[in-house]
Amino acid sequence: MNGTPVTDGPVTDSPMSDGADQVPVSALFDDVVGQEAAVAQLRAAARRPVHAYMLVGPPGVGQRALVRGFAAALLCPSGGCGTCSTCRRVRAGVHPDLVEVDRSGPSVTVGDARQVVRLAQRRPLEAKRQVVAVSDVHLARLAAPVLLKTLEEPPGDTVFVLLADVVPAEMATVASRCIRIDLPPVAPGALAAWLVEQGVEPDVAADLAVAARGSIDRARLLVDDEGFAARRRLWRDVPTRLDGTGATAAALAAELLASAEEAVDPLRALHAAELQQRAEQAESTGERGVPGRKDIEDQHHREERRWRSDELRAGLGVLAAAYRDRLVAEVTGTRPSGPGRVGERVHELAGAVGAVEEVCVEMIRNPNESLMLEALLVRLSAVAG
């Protein structure tokens, strides 16, 4: 349900209002691509906010820009003018009353949740309220009770914005205490149009938009990724390289994982440049070292792990498409297997597509990627390329 409480529980807080009835300017969300419905819902919600919102959608579809635009509308003394110091600082992520909380490890721990509770209890430093944004809430299964208690007894001057890829069953009660706004993957047409605006040739933009799989963050980095085409070919050629042996499946799995690791290089370069810029700023102000360097590096490592996982999902999407193309060719008769084999072949190829899609879903649970991929390729080895 978009922009309204989810159906399995009530929103327990009444609207928060400081008397302003100003609709935030759309310019607060200029950095958001292809999320018009979410932007409209957040602009409307900012007029009379309640205590908690949950943005649900795959990574890289504009969550940070949406959170910061919404927070600017909530913290701005004019209700989201888009030009004042508050709006500018919030959108840059440097306002003290916007608190962005990231997990400290592979999941949101009880300790992370308790930190959220502590942050929520503090008083706003400048504005009339504060915004606490918590990432990766879908990984907070063990911490759910702590988060739930805070949402059921929310501090009056804190607005929570929870970010989740999906809402697992264990988080349903937490979600029921929030207004949920769904974020779909950005449509390829919107991504391609945005890439063209950035100066990318239309034909290249169309290919990158498909490969980005709805992620604006991924599209942005793919523009400068020289290994993009080679990695796509590597995944697309998997069916023809499998020969039915476990040794080949293991070697190919290792090659695919290595390619996913190489795909992170553009992001690593971006992070290195960011740290260098911060170091130069610190030196210019006489500070010894980069303030909060360890936290910044930890955040970078989390982003790099996520990027690697996204690269694997993208590769699995290419692999599924390769088997799907073979399935279509079999059904339409453009590449038949021969008399008596069509039905069997269709069944095999459909099973291959299903197996790849199952692994894509399983990726959400942070599995052992090497074992998972090798097991998949062994299973696919029984399907002739």
# chains A, B, ... in the order shown; residues from 1 in each chain; ligands from 1
$ select_by_dssp --residues "stretch 210-366 of chain A" --states "alpha helix (DSSP H)" --output "ChimeraX atom specification"
/A:210-211,216-222,228-236,238-241,246-262,265-284,293-332,342-362
$ residues_around --residues "A:Leu183" --least-positions-apart "6" --cutoff "7 Å" --atoms "only C-alpha atoms" --output "number ranges by chain"
A: 35, 38, 55-57
$ write_last_selection --atoms "N, CA, C and O atoms" --output "PDB file, in the first residue's frame"
ATOM      1  N   GLN A  35      11.033   8.329  -9.688  1.00  0.00           N
ATOM      2  CA  GLN A  35      10.229   7.965  -8.511  1.00  0.00           C
ATOM      3  C   GLN A  35       9.176   9.041  -8.256  1.00  0.00           C
ATOM      4  O   GLN A  35       8.993   9.524  -7.134  1.00  0.00           O
ATOM      5  N   ALA A  38       6.592   8.375  -5.368  1.00  0.00           N
ATOM      6  CA  ALA A  38       7.169   8.499  -4.029  1.00  0.00           C
ATOM      7  C   ALA A  38       7.423   9.965  -3.686  1.00  0.00           C
ATOM      8  O   ALA A  38       7.167  10.401  -2.553  1.00  0.00           O
ATOM      9  N   LEU A  55      10.465   3.237   3.537  1.00  0.00           N
ATOM     10  CA  LEU A  55      10.651   3.218   2.099  1.00  0.00           C
ATOM     11  C   LEU A  55      11.131   1.825   1.710  1.00  0.00           C
ATOM     12  O   LEU A  55      12.180   1.377   2.182  1.00  0.00           O
ATOM     13  N   VAL A  56      10.366   1.151   0.872  1.00  0.00           N
ATOM     14  CA  VAL A  56      10.639  -0.250   0.538  1.00  0.00           C
ATOM     15  C   VAL A  56      10.945  -0.369  -0.948  1.00  0.00           C
ATOM     16  O   VAL A  56      10.101  -0.030  -1.794  1.00  0.00           O
ATOM     17  N   GLY A  57      12.140  -0.833  -1.266  1.00  0.00           N
ATOM     18  CA  GLY A  57      12.508  -1.016  -2.660  1.00  0.00           C
ATOM     19  C   GLY A  57      13.940  -1.480  -2.780  1.00  0.00           C
ATOM     20  O   GLY A  57      14.712  -1.414  -1.822  1.00  0.00           O
TER      21      GLY A  57
END
$ residues_around --residues "A:Thr150" --least-positions-apart "6" --cutoff "9 Å" --atoms "only C-alpha atoms" --output "ChimeraX atom specification"
/A:116-117,120
$ residues_around --residues "stretch 288-295 of chain A" --least-positions-apart "5" --cutoff "12 Å" --atoms "only C-alpha atoms" --output "ChimeraX atom specification"
/A:101-104,271-272,274-283,300-302
$ write_last_selection --atoms "all heavy atoms" --output "short mmCIF file (atom, residue, chain, number, x, y, z; two decimals), in the first residue's frame"
data_model
loop_
_atom_site.label_atom_id
_atom_site.label_comp_id
_atom_site.auth_asym_id
_atom_site.auth_seq_id
_atom_site.Cartn_x
_atom_site.Cartn_y
_atom_site.Cartn_z
N VAL A 101 21.68 6.31 9.96
CA VAL A 101 22.25 5.17 10.70
C VAL A 101 22.44 3.99 9.75
O VAL A 101 21.48 3.54 9.11
CB VAL A 101 21.34 4.76 11.87
CG1 VAL A 101 21.97 3.62 12.67
CG2 VAL A 101 21.06 5.96 12.77
N ASP A 102 23.67 3.48 9.68
CA ASP A 102 23.98 2.30 8.88
C ASP A 102 24.35 1.15 9.80
O ASP A 102 24.89 1.35 10.90
CB ASP A 102 25.15 2.59 7.93
CG ASP A 102 24.79 3.64 6.89
OD1 ASP A 102 23.83 3.42 6.15
OD2 ASP A 102 25.47 4.68 6.85
N ARG A 103 24.09 -0.06 9.35
CA ARG A 103 24.43 -1.24 10.15
C ARG A 103 25.94 -1.34 10.31
O ARG A 103 26.71 -0.92 9.46
CB ARG A 103 23.86 -2.49 9.51
CG ARG A 103 24.25 -2.72 8.06
CD ARG A 103 23.44 -3.86 7.47
NE ARG A 103 23.52 -3.91 6.01
CZ ARG A 103 24.39 -4.63 5.32
NH1 ARG A 103 25.26 -5.37 5.96
NH2 ARG A 103 24.39 -4.61 4.00
N SER A 104 26.36 -1.98 11.41
CA SER A 104 27.79 -2.11 11.70
C SER A 104 28.39 -3.38 11.15
O SER A 104 29.60 -3.55 11.17
CB SER A 104 28.01 -2.07 13.22
OG SER A 104 27.27 -3.10 13.87
N HIS A 271 35.56 6.02 -3.96
CA HIS A 271 35.75 6.12 -2.51
C HIS A 271 37.14 6.67 -2.18
O HIS A 271 37.29 7.48 -1.26
CB HIS A 271 35.57 4.75 -1.86
CG HIS A 271 34.15 4.31 -1.81
ND1 HIS A 271 33.77 3.00 -1.63
CD2 HIS A 271 32.99 5.02 -1.89
CE1 HIS A 271 32.46 2.92 -1.61
NE2 HIS A 271 31.96 4.13 -1.77
N ALA A 272 38.15 6.23 -2.92
CA ALA A 272 39.51 6.73 -2.69
C ALA A 272 39.58 8.24 -2.95
O ALA A 272 40.20 8.99 -2.19
CB ALA A 272 40.50 5.99 -3.56
N GLU A 274 37.09 10.33 -2.71
CA GLU A 274 36.35 11.00 -1.64
C GLU A 274 37.22 11.15 -0.40
O GLU A 274 37.26 12.23 0.23
CB GLU A 274 35.09 10.21 -1.29
CG GLU A 274 34.27 10.84 -0.17
CD GLU A 274 33.09 9.98 0.26
OE1 GLU A 274 32.65 9.13 -0.55
OE2 GLU A 274 32.63 10.15 1.39
N LEU A 275 37.94 10.09 -0.02
CA LEU A 275 38.81 10.17 1.15
C LEU A 275 39.93 11.18 0.92
O LEU A 275 40.31 11.93 1.84
CB LEU A 275 39.40 8.80 1.46
CG LEU A 275 38.60 7.91 2.41
CD1 LEU A 275 39.30 6.57 2.59
CD2 LEU A 275 38.42 8.58 3.77
N GLN A 276 40.47 11.22 -0.29
CA GLN A 276 41.52 12.18 -0.60
C GLN A 276 41.00 13.61 -0.47
O GLN A 276 41.68 14.48 0.09
CB GLN A 276 42.05 11.93 -2.01
CG GLN A 276 43.14 12.90 -2.46
CD GLN A 276 44.39 12.81 -1.60
OE1 GLN A 276 44.71 11.74 -1.06
NE2 GLN A 276 45.10 13.92 -1.45
N GLN A 277 39.79 13.83 -0.96
CA GLN A 277 39.19 15.17 -0.85
C GLN A 277 38.98 15.55 0.61
O GLN A 277 39.28 16.69 1.01
CB GLN A 277 37.86 15.22 -1.61
CG GLN A 277 37.20 16.58 -1.60
CD GLN A 277 35.86 16.56 -2.33
OE1 GLN A 277 35.18 15.55 -2.39
NE2 GLN A 277 35.49 17.70 -2.89
N ARG A 278 38.50 14.61 1.41
CA ARG A 278 38.30 14.90 2.83
C ARG A 278 39.63 15.16 3.53
O ARG A 278 39.72 16.01 4.43
CB ARG A 278 37.57 13.73 3.50
CG ARG A 278 36.09 13.62 3.12
CD ARG A 278 35.46 12.39 3.75
NE ARG A 278 34.07 12.24 3.43
CZ ARG A 278 33.06 12.68 4.19
NH1 ARG A 278 33.32 13.30 5.32
NH2 ARG A 278 31.80 12.50 3.82
N ALA A 279 40.66 14.42 3.14
CA ALA A 279 41.98 14.63 3.74
C ALA A 279 42.50 16.02 3.42
O ALA A 279 43.08 16.70 4.29
CB ALA A 279 42.94 13.57 3.25
N GLU A 280 42.30 16.47 2.18
CA GLU A 280 42.75 17.80 1.78
C GLU A 280 41.97 18.88 2.53
O GLU A 280 42.54 19.90 2.95
CB GLU A 280 42.59 17.97 0.27
CG GLU A 280 43.55 17.10 -0.53
CD GLU A 280 43.24 17.10 -2.02
OE1 GLU A 280 42.24 17.76 -2.41
OE2 GLU A 280 43.98 16.46 -2.79
N GLN A 281 40.66 18.65 2.72
CA GLN A 281 39.85 19.61 3.48
C GLN A 281 40.32 19.68 4.92
O GLN A 281 40.42 20.77 5.51
CB GLN A 281 38.37 19.22 3.41
CG GLN A 281 37.74 19.41 2.04
CD GLN A 281 36.34 18.84 1.98
OE1 GLN A 281 35.92 18.04 2.83
NE2 GLN A 281 35.60 19.22 0.95
N ALA A 282 40.61 18.50 5.52
CA ALA A 282 41.08 18.47 6.90
C ALA A 282 42.41 19.19 7.04
O ALA A 282 42.63 19.97 7.99
CB ALA A 282 41.20 17.02 7.37
N GLU A 283 43.29 18.99 6.08
CA GLU A 283 44.60 19.64 6.12
C GLU A 283 44.47 21.15 6.00
O GLU A 283 45.17 21.91 6.67
CB GLU A 283 45.48 19.09 4.99
CG GLU A 283 46.91 19.64 5.01
CD GLU A 283 47.78 19.05 3.92
OE1 GLU A 283 47.27 18.18 3.18
OE2 GLU A 283 48.95 19.45 3.81
N HIS A 300 32.21 2.78 3.38
CA HIS A 300 32.70 2.44 2.04
C HIS A 300 32.76 0.93 1.85
O HIS A 300 32.36 0.41 0.79
CB HIS A 300 34.09 3.05 1.82
CG HIS A 300 34.07 4.52 1.59
ND1 HIS A 300 35.20 5.28 1.48
CD2 HIS A 300 33.03 5.39 1.43
CE1 HIS A 300 34.88 6.54 1.27
NE2 HIS A 300 33.57 6.64 1.24
N HIS A 301 33.24 0.21 2.84
CA HIS A 301 33.33 -1.25 2.73
C HIS A 301 31.95 -1.87 2.59
O HIS A 301 31.76 -2.81 1.80
CB HIS A 301 34.05 -1.82 3.95
CG HIS A 301 35.50 -1.48 4.00
ND1 HIS A 301 36.22 -1.41 5.18
CD2 HIS A 301 36.38 -1.15 3.01
CE1 HIS A 301 37.47 -1.08 4.91
NE2 HIS A 301 37.59 -0.91 3.60
N ARG A 302 30.97 -1.34 3.32
CA ARG A 302 29.60 -1.86 3.19
C ARG A 302 29.06 -1.59 1.79
O ARG A 302 28.42 -2.46 1.18
CB ARG A 302 28.69 -1.22 4.25
CG ARG A 302 28.89 -1.77 5.65
CD ARG A 302 27.79 -1.31 6.58
NE ARG A 302 27.83 0.12 6.82
CZ ARG A 302 28.52 0.70 7.80
NH1 ARG A 302 29.24 -0.04 8.63
NH2 ARG A 302 28.49 2.00 7.98
#
$ closest_atom_pairs --of "stretch 45-123 of chain A" --to "stretch 204-213 of chain A" --cutoff "10 Å" --atoms "only C-alpha atoms" --output "tab-separated table"
residue	atom	partner	partner_atom	distance
A:Pro58	CA	A:Arg213	CA	9.7
A:Gly60	CA	A:Ala212	CA	9.5
A:Val61	CA	A:Arg213	CA	9.7
$ select_by_dssp --residues "stretch 91-252 of chain A" --states "strand (DSSP E)" --output "list in words"
Leu98, Val99, Glu100, Val101, Gln130, Val131, Val132, Ala133, Val134, Thr158, Val159, Phe160, Val161, Leu162, Leu163, Ala164, Ile179, Arg180, Ile181 and Asp182 of chain A
$ closest_residue --among "A:Leu270, A:Val200, A:Val353, A:Ala253" --to "A:Leu312" --atoms "only C-alpha atoms"
A:Ala253
$ closest_residue --among "A:Asp157, A:Ala322, A:Arg218, A:Ile296" --to "A:Arg236" --atoms "only C-alpha atoms"
A:Ala322
$ atom_distance --atom1 "atom CA of A:Arg232" --atom2 "atom CA of A:Gly315"
6.8 Å
$ atom_distance --atom1 "atom CA of A:Phe160" --atom2 "atom CA of A:Glu303"
22.1 Å
$ closest_residue --among "A:Pro24, A:Gly156, A:Gly82, A:Gly214" --to "A:Ala52" --atoms "only C-alpha atoms"
A:Gly156
$ closest_residue --among "A:Ile181, A:Arg305, A:Pro168, A:Arg64" --to "A:Ala37" --atoms "only C-alpha atoms"
A:Ile181
$ atom_distance --atom1 "atom CA of A:Thr86" --atom2 "atom CA of A:Ala127"
8.7 Å
$ closest_residue --among "A:Val23, A:Ile364, A:Leu195, A:Ile216" --to "A:His138" --atoms "only C-alpha atoms"
A:Ile364
$ closest_residue --among "A:Gly354, A:Gly317, A:Pro96, A:Pro59" --to "A:Glu126" --atoms "only C-alpha atoms"
A:Pro96
$ decode --residues "stretch 298-334 of chain A" --atoms "N, CA, C and O atoms" --output "PDB file, in the first residue's frame"
ATOM      1  N   ASP A 298      34.394   2.268   6.994  1.00  0.00           N
ATOM      2  CA  ASP A 298      33.437   1.172   7.227  1.00  0.00           C
ATOM      3  C   ASP A 298      32.235   1.292   6.285  1.00  0.00           C
ATOM      4  O   ASP A 298      31.750   0.302   5.734  1.00  0.00           O
ATOM      5  N   GLN A 299      31.743   2.529   6.119  1.00  0.00           N
ATOM      6  CA  GLN A 299      30.625   2.760   5.213  1.00  0.00           C
ATOM      7  C   GLN A 299      31.014   2.406   3.783  1.00  0.00           C
ATOM      8  O   GLN A 299      30.247   1.767   3.042  1.00  0.00           O
ATOM      9  N   HIS A 300      32.214   2.781   3.383  1.00  0.00           N
ATOM     10  CA  HIS A 300      32.695   2.438   2.045  1.00  0.00           C
ATOM     11  C   HIS A 300      32.756   0.925   1.846  1.00  0.00           C
ATOM     12  O   HIS A 300      32.362   0.413   0.790  1.00  0.00           O
ATOM     13  N   HIS A 301      33.236   0.212   2.843  1.00  0.00           N
ATOM     14  CA  HIS A 301      33.330  -1.246   2.728  1.00  0.00           C
ATOM     15  C   HIS A 301      31.949  -1.869   2.586  1.00  0.00           C
ATOM     16  O   HIS A 301      31.761  -2.811   1.799  1.00  0.00           O
ATOM     17  N   ARG A 302      30.974  -1.339   3.317  1.00  0.00           N
ATOM     18  CA  ARG A 302      29.604  -1.858   3.193  1.00  0.00           C
ATOM     19  C   ARG A 302      29.062  -1.594   1.788  1.00  0.00           C
ATOM     20  O   ARG A 302      28.423  -2.463   1.183  1.00  0.00           O
ATOM     21  N   GLU A 303      29.307  -0.390   1.271  1.00  0.00           N
ATOM     22  CA  GLU A 303      28.835  -0.066  -0.072  1.00  0.00           C
ATOM     23  C   GLU A 303      29.500  -0.951  -1.121  1.00  0.00           C
ATOM     24  O   GLU A 303      28.852  -1.373  -2.096  1.00  0.00           O
ATOM     25  N   GLU A 304      30.772  -1.246  -0.915  1.00  0.00           N
ATOM     26  CA  GLU A 304      31.481  -2.101  -1.867  1.00  0.00           C
ATOM     27  C   GLU A 304      30.973  -3.536  -1.820  1.00  0.00           C
ATOM     28  O   GLU A 304      30.838  -4.185  -2.877  1.00  0.00           O
ATOM     29  N   ARG A 305      30.661  -4.039  -0.637  1.00  0.00           N
ATOM     30  CA  ARG A 305      30.082  -5.386  -0.537  1.00  0.00           C
ATOM     31  C   ARG A 305      28.722  -5.436  -1.230  1.00  0.00           C
ATOM     32  O   ARG A 305      28.405  -6.403  -1.932  1.00  0.00           O
ATOM     33  N   ARG A 306      27.949  -4.390  -1.012  1.00  0.00           N
ATOM     34  CA  ARG A 306      26.628  -4.351  -1.647  1.00  0.00           C
ATOM     35  C   ARG A 306      26.760  -4.259  -3.167  1.00  0.00           C
ATOM     36  O   ARG A 306      26.010  -4.903  -3.901  1.00  0.00           O
ATOM     37  N   TRP A 307      27.711  -3.463  -3.636  1.00  0.00           N
ATOM     38  CA  TRP A 307      27.911  -3.331  -5.081  1.00  0.00           C
ATOM     39  C   TRP A 307      28.287  -4.676  -5.685  1.00  0.00           C
ATOM     40  O   TRP A 307      27.810  -5.044  -6.758  1.00  0.00           O
ATOM     41  N   ARG A 308      29.156  -5.408  -4.999  1.00  0.00           N
ATOM     42  CA  ARG A 308      29.560  -6.726  -5.481  1.00  0.00           C
ATOM     43  C   ARG A 308      28.357  -7.659  -5.561  1.00  0.00           C
ATOM     44  O   ARG A 308      28.179  -8.397  -6.536  1.00  0.00           O
ATOM     45  N   SER A 309      27.508  -7.618  -4.534  1.00  0.00           N
ATOM     46  CA  SER A 309      26.296  -8.442  -4.555  1.00  0.00           C
ATOM     47  C   SER A 309      25.369  -8.020  -5.695  1.00  0.00           C
ATOM     48  O   SER A 309      24.774  -8.865  -6.370  1.00  0.00           O
ATOM     49  N   ASP A 310      25.256  -6.720  -5.921  1.00  0.00           N
ATOM     50  CA  ASP A 310      24.420  -6.233  -7.023  1.00  0.00           C
ATOM     51  C   ASP A 310      24.972  -6.698  -8.368  1.00  0.00           C
ATOM     52  O   ASP A 310      24.210  -7.015  -9.290  1.00  0.00           O
ATOM     53  N   GLU A 311      26.306  -6.723  -8.484  1.00  0.00           N
ATOM     54  CA  GLU A 311      26.920  -7.193  -9.720  1.00  0.00           C
ATOM     55  C   GLU A 311      26.592  -8.665  -9.959  1.00  0.00           C
ATOM     56  O   GLU A 311      26.304  -9.081 -11.089  1.00  0.00           O
ATOM     57  N   LEU A 312      26.617  -9.458  -8.889  1.00  0.00           N
ATOM     58  CA  LEU A 312      26.255 -10.869  -9.031  1.00  0.00           C
ATOM     59  C   LEU A 312      24.793 -11.011  -9.437  1.00  0.00           C
ATOM     60  O   LEU A 312      24.459 -11.844 -10.292  1.00  0.00           O
ATOM     61  N   ARG A 313      23.917 -10.208  -8.849  1.00  0.00           N
ATOM     62  CA  ARG A 313      22.497 -10.264  -9.237  1.00  0.00           C
ATOM     63  C   ARG A 313      22.326  -9.883 -10.710  1.00  0.00           C
ATOM     64  O   ARG A 313      21.540 -10.502 -11.432  1.00  0.00           O
ATOM     65  N   ALA A 314      23.063  -8.863 -11.137  1.00  0.00           N
ATOM     66  CA  ALA A 314      22.976  -8.448 -12.543  1.00  0.00           C
ATOM     67  C   ALA A 314      23.462  -9.571 -13.450  1.00  0.00           C
ATOM     68  O   ALA A 314      22.856  -9.843 -14.502  1.00  0.00           O
ATOM     69  N   GLY A 315      24.554 -10.221 -13.068  1.00  0.00           N
ATOM     70  CA  GLY A 315      25.061 -11.334 -13.858  1.00  0.00           C
ATOM     71  C   GLY A 315      24.082 -12.494 -13.908  1.00  0.00           C
ATOM     72  O   GLY A 315      23.873 -13.103 -14.974  1.00  0.00           O
ATOM     73  N   LEU A 316      23.465 -12.781 -12.782  1.00  0.00           N
ATOM     74  CA  LEU A 316      22.450 -13.844 -12.761  1.00  0.00           C
ATOM     75  C   LEU A 316      21.278 -13.488 -13.668  1.00  0.00           C
ATOM     76  O   LEU A 316      20.685 -14.357 -14.308  1.00  0.00           O
ATOM     77  N   GLY A 317      20.956 -12.191 -13.731  1.00  0.00           N
ATOM     78  CA  GLY A 317      19.894 -11.757 -14.637  1.00  0.00           C
ATOM     79  C   GLY A 317      20.261 -12.017 -16.089  1.00  0.00           C
ATOM     80  O   GLY A 317      19.423 -12.448 -16.897  1.00  0.00           O
ATOM     81  N   VAL A 318      21.530 -11.767 -16.446  1.00  0.00           N
ATOM     82  CA  VAL A 318      22.002 -12.055 -17.810  1.00  0.00           C
ATOM     83  C   VAL A 318      21.944 -13.557 -18.080  1.00  0.00           C
ATOM     84  O   VAL A 318      21.535 -13.999 -19.163  1.00  0.00           O
ATOM     85  N   LEU A 319      22.344 -14.357 -17.085  1.00  0.00           N
ATOM     86  CA  LEU A 319      22.328 -15.814 -17.241  1.00  0.00           C
ATOM     87  C   LEU A 319      20.900 -16.322 -17.424  1.00  0.00           C
ATOM     88  O   LEU A 319      20.633 -17.167 -18.302  1.00  0.00           O
ATOM     89  N   ALA A 320      19.971 -15.822 -16.613  1.00  0.00           N
ATOM     90  CA  ALA A 320      18.575 -16.227 -16.755  1.00  0.00           C
ATOM     91  C   ALA A 320      18.056 -15.862 -18.142  1.00  0.00           C
ATOM     92  O   ALA A 320      17.329 -16.642 -18.780  1.00  0.00           O
ATOM     93  N   ALA A 321      18.441 -14.679 -18.625  1.00  0.00           N
ATOM     94  CA  ALA A 321      18.005 -14.251 -19.966  1.00  0.00           C
ATOM     95  C   ALA A 321      18.570 -15.163 -21.045  1.00  0.00           C
ATOM     96  O   ALA A 321      17.897 -15.448 -22.048  1.00  0.00           O
ATOM     97  N   ALA A 322      19.806 -15.643 -20.854  1.00  0.00           N
ATOM     98  CA  ALA A 322      20.415 -16.544 -21.842  1.00  0.00           C
ATOM     99  C   ALA A 322      19.616 -17.840 -21.948  1.00  0.00           C
ATOM    100  O   ALA A 322      19.351 -18.335 -23.057  1.00  0.00           O
ATOM    101  N   TYR A 323      19.217 -18.391 -20.814  1.00  0.00           N
ATOM    102  CA  TYR A 323      18.401 -19.617 -20.846  1.00  0.00           C
ATOM    103  C   TYR A 323      16.986 -19.318 -21.341  1.00  0.00           C
ATOM    104  O   TYR A 323      16.372 -20.135 -22.035  1.00  0.00           O
ATOM    105  N   ARG A 324      16.485 -18.131 -21.007  1.00  0.00           N
ATOM    106  CA  ARG A 324      15.138 -17.768 -21.455  1.00  0.00           C
ATOM    107  C   ARG A 324      15.106 -17.627 -22.978  1.00  0.00           C
ATOM    108  O   ARG A 324      14.134 -18.038 -23.630  1.00  0.00           O
ATOM    109  N   ASP A 325      16.166 -17.067 -23.553  1.00  0.00           N
ATOM    110  CA  ASP A 325      16.237 -16.952 -25.013  1.00  0.00           C
ATOM    111  C   ASP A 325      16.226 -18.332 -25.670  1.00  0.00           C
ATOM    112  O   ASP A 325      15.580 -18.541 -26.710  1.00  0.00           O
ATOM    113  N   ARG A 326      16.953 -19.275 -25.070  1.00  0.00           N
ATOM    114  CA  ARG A 326      16.971 -20.635 -25.603  1.00  0.00           C
ATOM    115  C   ARG A 326      15.589 -21.282 -25.498  1.00  0.00           C
ATOM    116  O   ARG A 326      15.153 -22.024 -26.379  1.00  0.00           O
ATOM    117  N   LEU A 327      14.894 -20.977 -24.387  1.00  0.00           N
ATOM    118  CA  LEU A 327      13.552 -21.518 -24.191  1.00  0.00           C
ATOM    119  C   LEU A 327      12.595 -20.981 -25.256  1.00  0.00           C
ATOM    120  O   LEU A 327      11.805 -21.739 -25.847  1.00  0.00           O
ATOM    121  N   VAL A 328      12.662 -19.685 -25.511  1.00  0.00           N
ATOM    122  CA  VAL A 328      11.798 -19.081 -26.530  1.00  0.00           C
ATOM    123  C   VAL A 328      12.099 -19.682 -27.901  1.00  0.00           C
ATOM    124  O   VAL A 328      11.178 -19.992 -28.681  1.00  0.00           O
ATOM    125  N   ALA A 329      13.396 -19.841 -28.213  1.00  0.00           N
ATOM    126  CA  ALA A 329      13.772 -20.417 -29.499  1.00  0.00           C
ATOM    127  C   ALA A 329      13.230 -21.839 -29.651  1.00  0.00           C
ATOM    128  O   ALA A 329      12.808 -22.252 -30.738  1.00  0.00           O
ATOM    129  N   GLU A 330      13.218 -22.589 -28.540  1.00  0.00           N
ATOM    130  CA  GLU A 330      12.710 -23.965 -28.578  1.00  0.00           C
ATOM    131  C   GLU A 330      11.205 -23.971 -28.816  1.00  0.00           C
ATOM    132  O   GLU A 330      10.679 -24.737 -29.631  1.00  0.00           O
ATOM    133  N   VAL A 331      10.499 -23.101 -28.108  1.00  0.00           N
ATOM    134  CA  VAL A 331       9.035 -23.069 -28.205  1.00  0.00           C
ATOM    135  C   VAL A 331       8.586 -22.584 -29.578  1.00  0.00           C
ATOM    136  O   VAL A 331       7.615 -23.101 -30.155  1.00  0.00           O
ATOM    137  N   THR A 332       9.299 -21.588 -30.104  1.00  0.00           N
ATOM    138  CA  THR A 332       8.886 -21.018 -31.395  1.00  0.00           C
ATOM    139  C   THR A 332       9.416 -21.813 -32.578  1.00  0.00           C
ATOM    140  O   THR A 332       9.045 -21.536 -33.729  1.00  0.00           O
ATOM    141  N   GLY A 333      10.289 -22.781 -32.319  1.00  0.00           N
ATOM    142  CA  GLY A 333      10.803 -23.621 -33.389  1.00  0.00           C
ATOM    143  C   GLY A 333      11.941 -23.025 -34.161  1.00  0.00           C
ATOM    144  O   GLY A 333      12.347 -23.574 -35.204  1.00  0.00           O
ATOM    145  N   THR A 334      12.510 -21.897 -33.686  1.00  0.00           N
ATOM    146  CA  THR A 334      13.633 -21.299 -34.415  1.00  0.00           C
ATOM    147  C   THR A 334      14.931 -22.049 -34.165  1.00  0.00           C
ATOM    148  O   THR A 334      15.889 -21.901 -34.927  1.00  0.00           O
TER     149      THR A 334
END
